[in-house]
Amino acid sequence: MSRTPLDTVEHAAATPDVELPWAELGLKKDEYERVVEILGRRPTGAELAMYSVMWSEHCSYKSSKVHLRQFGEKAPESDALLVGIGENAGVVDVGQGYAVTFKVESHNHPSYVEPYQGAATGVGGIVRDIIAMGARPVAVVDPLRFGAADHPDTKRVLPGVVAGIGGYGNCLGLPNIGGEVVFDACYQGNPLVNAGAIGVMRHEDIHLAKASGPGNKVILYGARTGGDGIGGASILASETFDDAKPSKRPAVQVGDPFQEKLLIECTLEAFKEKLVVGIQDLGAAGLSCATSELASNGSGGMRVTLDDVPLRDSTLSPEEILMSESQERMCAVVEPDKVDRFLEICDKWDVIATVIGEVTDGDRLEIYWHGGKIVDVDPRTVAHEGPTYERPYARPSWQDELQADDANKLPRPQTSQDLKDQVLKLVGSPNQASKQWITQQYDHFVQGNTVLAQPEDSGMIRIDEASGLGVAIATDGNGRYAKLDPYTGAQLALAEAYRNVATTGAKPLAVSDCLNFGSPEDPAVMWQFAEAVRGLADGCRQLGTPVTGGNVSLYNQTGEAAIHPTPVVAVLGVIDDVARRTPVAFQEEGQLLYLLGDTREEFGGSAWSQVVHDHLGGLPPKVDLERERLLAEILISASRDGMIDSAHDLSDGGLIQAVVESALLGGKGARLVVPDGLDAFTFLFSESAGRAIVAVPRSEELRFNDMCGARGLPATRVGVVDGDTVELQGEFSLTLAELRETHEATIPALLV
Amino acid sequence: MTARIGVVTFPGSLDDRDTQRAIRVAGAEPVALWHKDKDLKQVDAVVLCGGFSYGDYLRAGAIARFSPVMDSVIDQAKAGLPVLGICNGFQILTEAHLLPGGMLGNDHLHFICRDQKLRVENADTAWTTDYTAGQEIHIPLKNMDGRYVADRRTLDELEAEGRVAFRYMDFNPNGSLNDIAGITNAAGNVVGLMPHPEHAVEPLIGTGRTDGLPFFTSILKKLVNA
């Protein structure tokens, strides 16, 4: 990539034997040969930069796309889907003329290297995806996974990640309404920092990433381009961390949320005046991605003059400008007679905006630098026709042994005292403990539309003040379940997020996912991935909730050790009137507690097996998606008709965890009775899926029971909201004060 | 008739639309004001809302204080225009010397967002007459730099003159001196506080309480009865 003479297209054609550093840029030999074949000559340095970054795992999904196709092939019929997979984010019709866009992405590797900036720019990136669809961002959620809670490095990573998410999201004015925090030693060197965002728009405001109409101008606006994150997408996603090769760790991008806030307001104002033909945010692969995607999705070609890109560092080479991942930048395609007005709006918001090129009537993407043509490619070959790998996959040899190590055979508590001790141990364990220390660093009030926020089962945002129309979102994923059985684990993640949305009274509509796995070059990991995708696609078909988009994060492993397969699933739901939402907290003493669903002896992958026995083995809970659908219908009807005053889904930690959370949030205790046919231990700790616990006012008991009976959903009365203790009759009683102390002390003690 | 209450949008303002909503919910008419514009559009009162004006670069509120709109706000506030500063707005008011003291980073060094219990100490300001002195209320709090500080003499003066308008109860979320959550100027027309009353005006939203609404009904009554 010598800069003298300039490596133009002409120069490249004339000097076929020049060696280019394709391997250093992450390309494999056969991939480089394909680039040469496509171009009919060696690529220029700039072209090589573009191909290498766009063909990286992170941008091209080359290992995963043969599997991801199932999300389209198995997609259920849904009237709700307005824009599907492939755009910046999917768009769902939520009624009354509103559309909602949502997506979850990963920023795992950068957040390990530099927790604050890695997490902050993760929020920034997902929010730009939402703006690029034409929507105003209204909320963010953050599913997080860290190494062991008591590991010294967790104390470095977690506070940095949390401060980064808060520092960026709070400054953007986006309420943080949900997510998860999970600890497991498997994430020690590979924390998972996933970030989700929701945006709202009117149907007619949907925008797409395409450059159409010859003569239309391409405008780059937002921050100046600097040297940060160069090659980040390519190198971070294509090489596993290896202590022997520290030079492979490039600079993580640095975020400026203030600039992004201006970008949001300025973009929305331009949308409002209908000035934008096509739009794309600059994230991974920066200008390489934005120009090639805009051009290949449009009807024509594109000509760009790289000299016009405003720079933060004037020494950058054209290759670096194309690869830079400087944050807070967007690219818009605007008709010539609207350019002045567009620039005026940018100026109003003090946002730098520059015309850097135009749409042409050809079909090439041409990029110029200092008068020479340094890129001349078919943009589709860069953006969409990257390599596809059918990676070999095979069920790992250890899977049978793992599943045979049955958690149901672990020693169980023998006495009432044992039961009581294990309940306390569970609710105070890092994964089950209160995450308030974390969530109180996030603004969940801003925008004045937050109806529910964590620790509720799903976050809920009002989107229409007059009608009360709202949307709910929940994200879930259980790597322990998925390790035991990736197909079932992915479906359990889906089922839990679906159930969490329904528990708050909203109707689940659509799915986004963030699939976090180890190295695709390991056939065992590839099998986990294939199984999880198959499970999720099958599950979405059965539940009628299409996958609208998402993200794949591979190479989450250090050396030979991969993380647990961790598909994180986000489910979006709609509620006609947020006044009907159902909270987790117990509301009134005397209300009756009903357990919905069937409870079986299912302890494989359970929180109990982890907390009490440090055990992972056996099979995860069974999935019955028809039952999940029925349970959701009952929860939604009961909420709409005022038959229940609180509800909580049962998942990790089982019934006792849910009851303790509802009691602590409401400041009201509960008296529980073990129902016929169950033993106390199974009643408290089983993690059977398809269950929820609801509080029914006595006046509604008959009506509620009739409804469950008529629909065939098992509903068992298991107690009453009462007093200031959580009591299991005949076994033990714990005061709310003692439970609160145990539940809330854990996280601060580990991290402060 | 109703009152027209201006809400200034700086680059980085976050709660401007929320504040406009709160004004509407109280029955007054919100008027959008722009930081580059000296014109206050003849509003009857001004709210400086929360956010991170100009990115809070240099120091929270330090740059906003020099914006064109603030020239007018400062002049008119001195002439009696009611001004309420919420969170970043409070920071701007201290930077503009319309209120004494200043704000430092929270003593625990984290952003904090919580439902905060307060005691209303002064129910005689332009913005607090719909409360009663001693009333305990819950208002959402969310900030990074909320630790109110002032020199001893200023603190003594504020206390002696009853100018501490709100005090944190049960838990001091940021290390503020004397548990101060909000103060008023001597005339009672300029009030600043760290918690966010605009986030507590509707029963369903946020904490589910409406303890913040009296800020906006107080000023409305004062203006309409004037």
# chains A, B, ... in the order shown; residues from 1 in each chain; ligands from 1
call {"tool": "select_by_dssp", "arguments": {"residues": "region 567-615 of chain A", "states": "alpha helix (DSSP H)", "output": "list in words"}}
result
Ala607, Trp608, Ser609, Gln610, Val611, Val612 and His613 of chain A
call {"tool": "write_last_selection", "arguments": {"atoms": "N, CA and C atoms", "output": "PDB file, in the first residue's frame"}}
result
ATOM      1  N   ALA A 607     -30.734 -22.651  37.959  1.00  0.00           N
ATOM      2  CA  ALA A 607     -29.988 -21.792  38.880  1.00  0.00           C
ATOM      3  C   ALA A 607     -29.663 -22.561  40.155  1.00  0.00           C
ATOM      4  N   TRP A 608     -30.618 -23.382  40.594  1.00  0.00           N
ATOM      5  CA  TRP A 608     -30.383 -24.173  41.812  1.00  0.00           C
ATOM      6  C   TRP A 608     -29.167 -25.072  41.642  1.00  0.00           C
ATOM      7  N   SER A 609     -29.081 -25.748  40.496  1.00  0.00           N
ATOM      8  CA  SER A 609     -27.956 -26.678  40.303  1.00  0.00           C
ATOM      9  C   SER A 609     -26.636 -25.915  40.247  1.00  0.00           C
ATOM     10  N   GLN A 610     -26.687 -24.679  39.761  1.00  0.00           N
ATOM     11  CA  GLN A 610     -25.468 -23.871  39.702  1.00  0.00           C
ATOM     12  C   GLN A 610     -25.091 -23.326  41.078  1.00  0.00           C
ATOM     13  N   VAL A 611     -26.073 -22.779  41.768  1.00  0.00           N
ATOM     14  CA  VAL A 611     -25.789 -22.097  43.034  1.00  0.00           C
ATOM     15  C   VAL A 611     -25.450 -23.092  44.137  1.00  0.00           C
ATOM     16  N   VAL A 612     -26.205 -24.174  44.202  1.00  0.00           N
ATOM     17  CA  VAL A 612     -26.017 -25.106  45.311  1.00  0.00           C
ATOM     18  C   VAL A 612     -24.943 -26.149  45.000  1.00  0.00           C
ATOM     19  N   HIS A 613     -24.844 -26.571  43.742  1.00  0.00           N
ATOM     20  CA  HIS A 613     -23.919 -27.670  43.417  1.00  0.00           C
ATOM     21  C   HIS A 613     -22.846 -27.298  42.398  1.00  0.00           C
TER      22      HIS A 613
END
call {"tool": "interface_residues", "arguments": {"of": "chain A", "to": "chain B", "cutoff": "7 Å", "atoms": "only C-alpha atoms", "output": "list in words"}}
result
Cys171, Gly173, Phe258, Lys261, Leu262, Gln440, Gln441, Tyr442, Asp443, Phe445, Val446, Gln447, Gly448, Asn449, Thr450, Val451 and Ala579 of chain A
call {"tool": "write_last_selection", "arguments": {"atoms": "N, CA and C atoms", "output": "compact mmCIF listing (two decimals), in the first residue's frame"}}
result
# COMPACT_ATOMS: atom_id res chain seq x y z
N CYS A 171 -26.78 10.27 27.92
CA CYS A 171 -26.47 11.53 27.25
C CYS A 171 -27.28 11.69 25.97
N GLY A 173 -30.39 10.75 25.85
CA GLY A 173 -31.78 10.92 26.24
C GLY A 173 -32.64 9.73 25.85
N PHE A 258 -22.74 13.32 22.64
CA PHE A 258 -23.28 14.65 22.34
C PHE A 258 -23.42 14.83 20.83
N LYS A 261 -26.36 12.78 19.64
CA LYS A 261 -27.65 13.40 19.96
C LYS A 261 -28.00 14.44 18.89
N LEU A 262 -27.01 15.22 18.50
CA LEU A 262 -27.23 16.21 17.44
C LEU A 262 -27.58 15.51 16.13
N GLN A 440 -29.47 1.41 38.21
CA GLN A 440 -29.67 2.80 38.65
C GLN A 440 -28.62 3.73 38.05
N GLN A 441 -27.69 3.17 37.28
CA GLN A 441 -26.76 4.05 36.55
C GLN A 441 -27.29 4.39 35.16
N TYR A 442 -28.48 3.87 34.86
CA TYR A 442 -29.12 4.18 33.58
C TYR A 442 -30.34 5.06 33.82
N ASP A 443 -30.52 6.05 32.96
CA ASP A 443 -31.73 6.87 33.01
C ASP A 443 -32.89 6.05 32.45
N PHE A 445 -36.17 7.29 32.95
CA PHE A 445 -37.34 8.19 32.95
C PHE A 445 -37.41 9.10 31.73
N VAL A 446 -36.25 9.37 31.12
CA VAL A 446 -36.20 10.39 30.08
C VAL A 446 -37.17 10.08 28.93
N GLN A 447 -37.67 11.10 28.29
CA GLN A 447 -38.71 11.08 27.25
C GLN A 447 -40.11 10.99 27.84
N GLY A 448 -40.20 10.67 29.14
CA GLY A 448 -41.51 10.74 29.79
C GLY A 448 -42.55 9.77 29.26
N ASN A 449 -42.11 8.62 28.77
CA ASN A 449 -43.06 7.63 28.27
C ASN A 449 -42.83 6.23 28.85
N THR A 450 -41.93 6.14 29.83
CA THR A 450 -41.60 4.82 30.37
C THR A 450 -42.71 4.33 31.30
N VAL A 451 -43.34 3.24 30.90
CA VAL A 451 -44.40 2.65 31.72
C VAL A 451 -43.81 1.57 32.62
N ALA A 579 -52.38 1.58 30.16
CA ALA A 579 -53.03 1.60 31.47
C ALA A 579 -53.34 0.18 31.95
call {"tool": "select_by_dssp", "arguments": {"residues": "region 410-636 of chain A", "states": "strand (DSSP E or B)", "output": "VMD selection string"}}
result
chain A and resid 450 to 452 459 to 462 470 to 476 507 to 516 547 to 553 557 to 558 561 to 562 566 to 575 592 to 596
call {"tool": "write_last_selection", "arguments": {"atoms": "N, CA and C atoms", "output": "short mmCIF file (atom, residue, chain, number, x, y, z; two decimals), in the first residue's frame"}}
result
data_model
loop_
_atom_site.label_atom_id
_atom_site.label_comp_id
_atom_site.auth_asym_id
_atom_site.auth_seq_id
_atom_site.Cartn_x
_atom_site.Cartn_y
_atom_site.Cartn_z
N THR A 450 -41.93 6.14 29.83
CA THR A 450 -41.60 4.82 30.37
C THR A 450 -42.71 4.33 31.30
N VAL A 451 -43.34 3.24 30.90
CA VAL A 451 -44.40 2.65 31.72
C VAL A 451 -43.81 1.57 32.62
N LEU A 452 -42.94 0.74 32.07
CA LEU A 452 -42.26 -0.28 32.86
C LEU A 452 -40.79 -0.30 32.47
N GLY A 459 -39.68 -4.26 29.39
CA GLY A 459 -39.74 -2.82 29.41
C GLY A 459 -40.92 -2.39 28.56
N MET A 460 -41.60 -1.31 28.95
CA MET A 460 -42.77 -0.87 28.18
C MET A 460 -42.74 0.65 28.01
N ILE A 461 -43.00 1.06 26.78
CA ILE A 461 -42.95 2.48 26.42
C ILE A 461 -44.29 2.87 25.78
N ARG A 462 -44.84 3.96 26.24
CA ARG A 462 -46.05 4.49 25.60
C ARG A 462 -45.63 5.19 24.31
N GLY A 470 -48.88 1.26 23.31
CA GLY A 470 -47.52 1.09 23.80
C GLY A 470 -46.85 -0.13 23.21
N VAL A 471 -45.54 -0.19 23.38
CA VAL A 471 -44.80 -1.38 22.97
C VAL A 471 -44.00 -1.90 24.15
N ALA A 472 -43.76 -3.21 24.12
CA ALA A 472 -42.99 -3.84 25.19
C ALA A 472 -41.85 -4.62 24.55
N ILE A 473 -40.75 -4.72 25.27
CA ILE A 473 -39.64 -5.52 24.76
C ILE A 473 -38.99 -6.29 25.90
N ALA A 474 -38.65 -7.54 25.62
CA ALA A 474 -37.91 -8.34 26.59
C ALA A 474 -36.77 -9.04 25.86
N THR A 475 -35.64 -9.17 26.53
CA THR A 475 -34.54 -9.95 25.95
C THR A 475 -34.18 -11.05 26.93
N ASP A 476 -33.95 -12.23 26.39
CA ASP A 476 -33.58 -13.36 27.24
C ASP A 476 -32.64 -14.29 26.51
N LYS A 507 -48.95 -8.08 23.52
CA LYS A 507 -49.05 -9.20 22.57
C LYS A 507 -47.73 -9.30 21.80
N PRO A 508 -47.03 -10.44 21.89
CA PRO A 508 -45.76 -10.58 21.17
C PRO A 508 -45.98 -10.55 19.66
N LEU A 509 -45.12 -9.78 18.96
CA LEU A 509 -45.30 -9.61 17.52
C LEU A 509 -44.12 -10.11 16.69
N ALA A 510 -42.90 -9.82 17.14
CA ALA A 510 -41.75 -10.08 16.28
C ALA A 510 -40.49 -10.27 17.12
N VAL A 511 -39.45 -10.79 16.45
CA VAL A 511 -38.24 -11.22 17.14
C VAL A 511 -37.01 -10.58 16.49
N SER A 512 -36.04 -10.21 17.33
CA SER A 512 -34.69 -9.91 16.84
C SER A 512 -33.76 -10.77 17.69
N ASP A 513 -32.57 -11.02 17.19
CA ASP A 513 -31.71 -11.90 17.99
C ASP A 513 -30.26 -11.45 17.89
N CYS A 514 -29.50 -11.85 18.87
CA CYS A 514 -28.07 -11.64 18.85
C CYS A 514 -27.45 -12.98 19.22
N LEU A 515 -26.79 -13.59 18.22
CA LEU A 515 -26.33 -14.96 18.39
C LEU A 515 -24.84 -14.95 18.73
N ASN A 516 -24.53 -15.23 19.99
CA ASN A 516 -23.16 -15.16 20.47
C ASN A 516 -22.59 -16.58 20.60
N VAL A 547 -38.60 -13.40 12.64
CA VAL A 547 -37.33 -12.75 12.96
C VAL A 547 -37.16 -11.58 12.00
N THR A 548 -36.98 -10.39 12.53
CA THR A 548 -36.92 -9.21 11.68
C THR A 548 -35.49 -8.78 11.39
N GLY A 549 -34.55 -9.40 12.07
CA GLY A 549 -33.16 -9.01 11.87
C GLY A 549 -32.38 -9.35 13.11
N GLY A 550 -31.11 -9.08 13.08
CA GLY A 550 -30.32 -9.39 14.26
C GLY A 550 -28.86 -9.35 13.92
N ASN A 551 -28.11 -10.11 14.67
CA ASN A 551 -26.68 -9.97 14.60
C ASN A 551 -26.06 -11.29 15.05
N VAL A 552 -24.92 -11.62 14.43
CA VAL A 552 -24.18 -12.81 14.82
C VAL A 552 -22.82 -12.39 15.33
N SER A 553 -22.42 -12.89 16.48
CA SER A 553 -21.08 -12.62 16.99
C SER A 553 -20.37 -13.96 17.19
N GLN A 557 -14.20 -16.75 21.93
CA GLN A 557 -13.48 -17.77 22.67
C GLN A 557 -12.04 -17.36 22.86
N THR A 558 -11.46 -17.88 23.91
CA THR A 558 -10.07 -17.60 24.21
C THR A 558 -9.35 -18.95 24.17
N ALA A 561 -11.17 -22.63 24.52
CA ALA A 561 -12.42 -22.60 25.29
C ALA A 561 -13.41 -21.60 24.71
N ALA A 562 -14.51 -22.11 24.19
CA ALA A 562 -15.58 -21.26 23.68
C ALA A 562 -16.53 -20.92 24.81
N THR A 566 -24.71 -18.84 23.22
CA THR A 566 -25.62 -17.90 23.89
C THR A 566 -26.47 -17.12 22.89
N PRO A 567 -27.54 -17.74 22.41
CA PRO A 567 -28.48 -16.98 21.60
C PRO A 567 -29.32 -16.08 22.51
N VAL A 568 -29.23 -14.78 22.28
CA VAL A 568 -30.05 -13.84 23.03
C VAL A 568 -31.20 -13.42 22.13
N VAL A 569 -32.41 -13.57 22.64
CA VAL A 569 -33.59 -13.32 21.83
C VAL A 569 -34.35 -12.12 22.38
N ALA A 570 -34.69 -11.20 21.50
CA ALA A 570 -35.52 -10.05 21.88
C ALA A 570 -36.89 -10.23 21.25
N VAL A 571 -37.93 -10.10 22.05
CA VAL A 571 -39.29 -10.16 21.52
C VAL A 571 -39.94 -8.80 21.73
N LEU A 572 -40.56 -8.31 20.67
CA LEU A 572 -41.27 -7.04 20.72
C LEU A 572 -42.77 -7.32 20.76
N GLY A 573 -43.48 -6.60 21.62
CA GLY A 573 -44.93 -6.79 21.70
C GLY A 573 -45.63 -5.45 21.67
N VAL A 574 -46.95 -5.52 21.51
CA VAL A 574 -47.75 -4.28 21.48
C VAL A 574 -48.89 -4.39 22.49
N ILE A 575 -49.23 -3.28 23.10
CA ILE A 575 -50.36 -3.23 24.03
C ILE A 575 -51.22 -2.03 23.65
N LEU A 592 -54.97 -13.51 45.69
CA LEU A 592 -54.64 -14.93 45.63
C LEU A 592 -53.56 -15.20 44.59
N LEU A 593 -52.61 -16.05 44.98
CA LEU A 593 -51.53 -16.37 44.07
C LEU A 593 -51.84 -17.65 43.32
N TYR A 594 -51.84 -17.55 42.01
CA TYR A 594 -52.09 -18.71 41.16
C TYR A 594 -50.85 -19.03 40.35
N LEU A 595 -50.51 -20.31 40.36
CA LEU A 595 -49.41 -20.78 39.52
C LEU A 595 -50.01 -21.30 38.22
N LEU A 596 -49.60 -20.76 37.10
CA LEU A 596 -50.12 -21.18 35.80
C LEU A 596 -49.11 -22.10 35.12
#
call {"tool": "atom_distance", "arguments": {"atom1": "CA of Leu343 (chain A)", "atom2": "CA of Tyr98 (chain A)"}}
result
28.5 Å
call {"tool": "atom_distance", "arguments": {"atom1": "CA of Ser699 (chain A)", "atom2": "CA of Pro714 (chain A)"}}
result
19.9 Å
call {"tool": "residues_around", "arguments": {"residues": "region 63-68 of chain B", "least_positions_apart": "2", "cutoff": "12 Å", "atoms": "only C-alpha atoms", "output": "MDAnalysis selection string"}}
result
chainID B and resid 8:13 33:40 48:61 70:75 88:98
call {"tool": "residues_around", "arguments": {"residues": "Arg4 (chain B)", "least_positions_apart": "4", "cutoff": "12 Å", "atoms": "only C-alpha atoms", "output": "short mmCIF file (atom, residue, chain, number, x, y, z; two decimals) with C-alpha atoms, in the first residue's frame"}}
result
data_model
loop_
_atom_site.label_atom_id
_atom_site.label_comp_id
_atom_site.auth_asym_id
_atom_site.auth_seq_id
_atom_site.Cartn_x
_atom_site.Cartn_y
_atom_site.Cartn_z
CA GLN B 20 -43.30 20.83 27.30
CA ILE B 23 -46.54 22.25 31.03
CA ARG B 24 -49.37 21.05 28.81
CA ALA B 26 -50.75 21.38 33.94
CA GLY B 27 -52.91 23.39 31.55
CA ALA B 28 -50.41 25.98 30.37
CA GLU B 29 -49.06 26.56 26.88
CA PRO B 30 -45.48 25.45 26.19
CA VAL B 31 -43.36 27.60 23.87
CA ALA B 32 -40.17 26.22 22.32
CA LEU B 33 -37.15 28.52 22.68
CA LEU B 40 -37.94 34.84 24.38
CA LYS B 41 -41.17 35.21 22.36
CA GLN B 42 -42.80 37.15 25.19
CA VAL B 43 -43.26 34.11 27.38
CA ASP B 44 -44.49 34.53 30.95
CA ALA B 45 -41.91 32.15 32.43
CA VAL B 46 -38.98 29.99 31.33
CA VAL B 47 -37.89 26.47 32.15
CA PRO B 82 -40.01 33.33 36.74
CA PHE B 216 -46.30 23.63 36.87
CA ILE B 219 -46.59 28.88 38.18
CA LEU B 220 -49.75 28.67 36.09
CA LYS B 221 -51.89 29.97 38.97
CA LEU B 223 -49.33 33.88 36.14
CA VAL B 224 -53.03 33.62 35.47
#
call {"tool": "residues_around", "arguments": {"residues": "Leu424 (chain A)", "least_positions_apart": "2", "cutoff": "9 Å", "atoms": "only C-alpha atoms", "output": "number ranges by chain"}}
result
A: 419-422, 426-429, 734, 738-739, 742-743
call {"tool": "write_last_selection", "arguments": {"atoms": "C-alpha atoms", "output": "CSV table (one decimal), in the first residue's frame"}}
result
chain,number,residue,atom,x,y,z
A,419,LEU,CA,-34.7,-25.5,52.1
A,420,LYS,CA,-34.6,-22.1,53.8
A,421,ASP,CA,-30.8,-21.9,53.5
A,422,GLN,CA,-30.9,-22.8,49.8
A,426,LEU,CA,-30.3,-18.6,45.6
A,427,VAL,CA,-31.8,-15.1,46.0
A,428,GLY,CA,-28.4,-13.8,47.1
A,429,SER,CA,-26.4,-15.5,44.3
A,734,LEU,CA,-38.2,-15.4,55.8
A,738,GLU,CA,-33.8,-10.4,55.6
A,739,LEU,CA,-34.6,-11.2,51.9
A,742,THR,CA,-29.6,-10.8,51.0
A,743,HIS,CA,-30.9,-9.9,47.5
call {"tool": "residues_around", "arguments": {"residues": "region 293-304 of chain A", "least_positions_apart": "2", "cutoff": "8 Å", "atoms": "only C-alpha atoms", "output": "PyMOL selection string"}}
result
chain A and resi 209-214+218+278-280+289-291+306+356-368+378-380+383
call {"tool": "residues_around", "arguments": {"residues": "Ala185 (chain A)", "least_positions_apart": "4", "cutoff": "10 Å", "atoms": "only C-alpha atoms", "output": "list in words"}}
result
Arg145, Phe146, Gly147, Ala148, Ala149, Asp150, His151, Thr154, Gly189, Asn190, Pro191, Ile563 and His564 of chain A
call {"tool": "write_last_selection", "arguments": {"atoms": "N, CA and C atoms", "output": "short mmCIF file (atom, residue, chain, number, x, y, z; two decimals), in the first residue's frame"}}
result
data_model
loop_
_atom_site.label_atom_id
_atom_site.label_comp_id
_atom_site.auth_asym_id
_atom_site.auth_seq_id
_atom_site.Cartn_x
_atom_site.Cartn_y
_atom_site.Cartn_z
N ARG A 145 -23.34 -10.15 29.66
CA ARG A 145 -22.81 -11.34 30.31
C ARG A 145 -21.34 -11.15 30.64
N PHE A 146 -21.01 -11.50 31.88
CA PHE A 146 -19.64 -11.31 32.35
C PHE A 146 -19.09 -12.61 32.90
N GLY A 147 -17.76 -12.61 33.15
CA GLY A 147 -17.13 -13.77 33.78
C GLY A 147 -17.62 -13.94 35.21
N ALA A 148 -16.99 -14.83 35.94
CA ALA A 148 -17.41 -15.10 37.31
C ALA A 148 -17.49 -13.80 38.10
N ALA A 149 -18.54 -13.69 38.91
CA ALA A 149 -18.78 -12.44 39.63
C ALA A 149 -17.62 -12.06 40.54
N ASP A 150 -16.94 -13.08 41.07
CA ASP A 150 -15.88 -12.77 42.03
C ASP A 150 -14.49 -12.78 41.39
N HIS A 151 -14.43 -12.85 40.06
CA HIS A 151 -13.13 -12.82 39.39
C HIS A 151 -12.63 -11.37 39.36
N THR A 154 -13.57 -9.19 36.37
CA THR A 154 -14.97 -8.76 36.26
C THR A 154 -15.13 -7.37 36.87
N GLY A 189 -13.02 -14.32 29.47
CA GLY A 189 -12.23 -13.56 28.50
C GLY A 189 -13.08 -13.02 27.37
N ASN A 190 -14.36 -13.31 27.40
CA ASN A 190 -15.27 -12.91 26.33
C ASN A 190 -16.61 -12.44 26.87
N PRO A 191 -16.61 -11.30 27.53
CA PRO A 191 -17.89 -10.78 28.00
C PRO A 191 -18.80 -10.50 26.81
N ILE A 563 -17.23 -19.79 24.67
CA ILE A 563 -18.30 -19.47 25.62
C ILE A 563 -19.42 -20.50 25.46
N HIS A 564 -20.31 -20.54 26.44
CA HIS A 564 -21.54 -21.30 26.22
C HIS A 564 -22.21 -20.72 24.97
#
call {"tool": "atom_distance", "arguments": {"atom1": "CA of Ala433 (chain A)", "atom2": "CA of Gly654 (chain A)"}}
result
13.7 Å
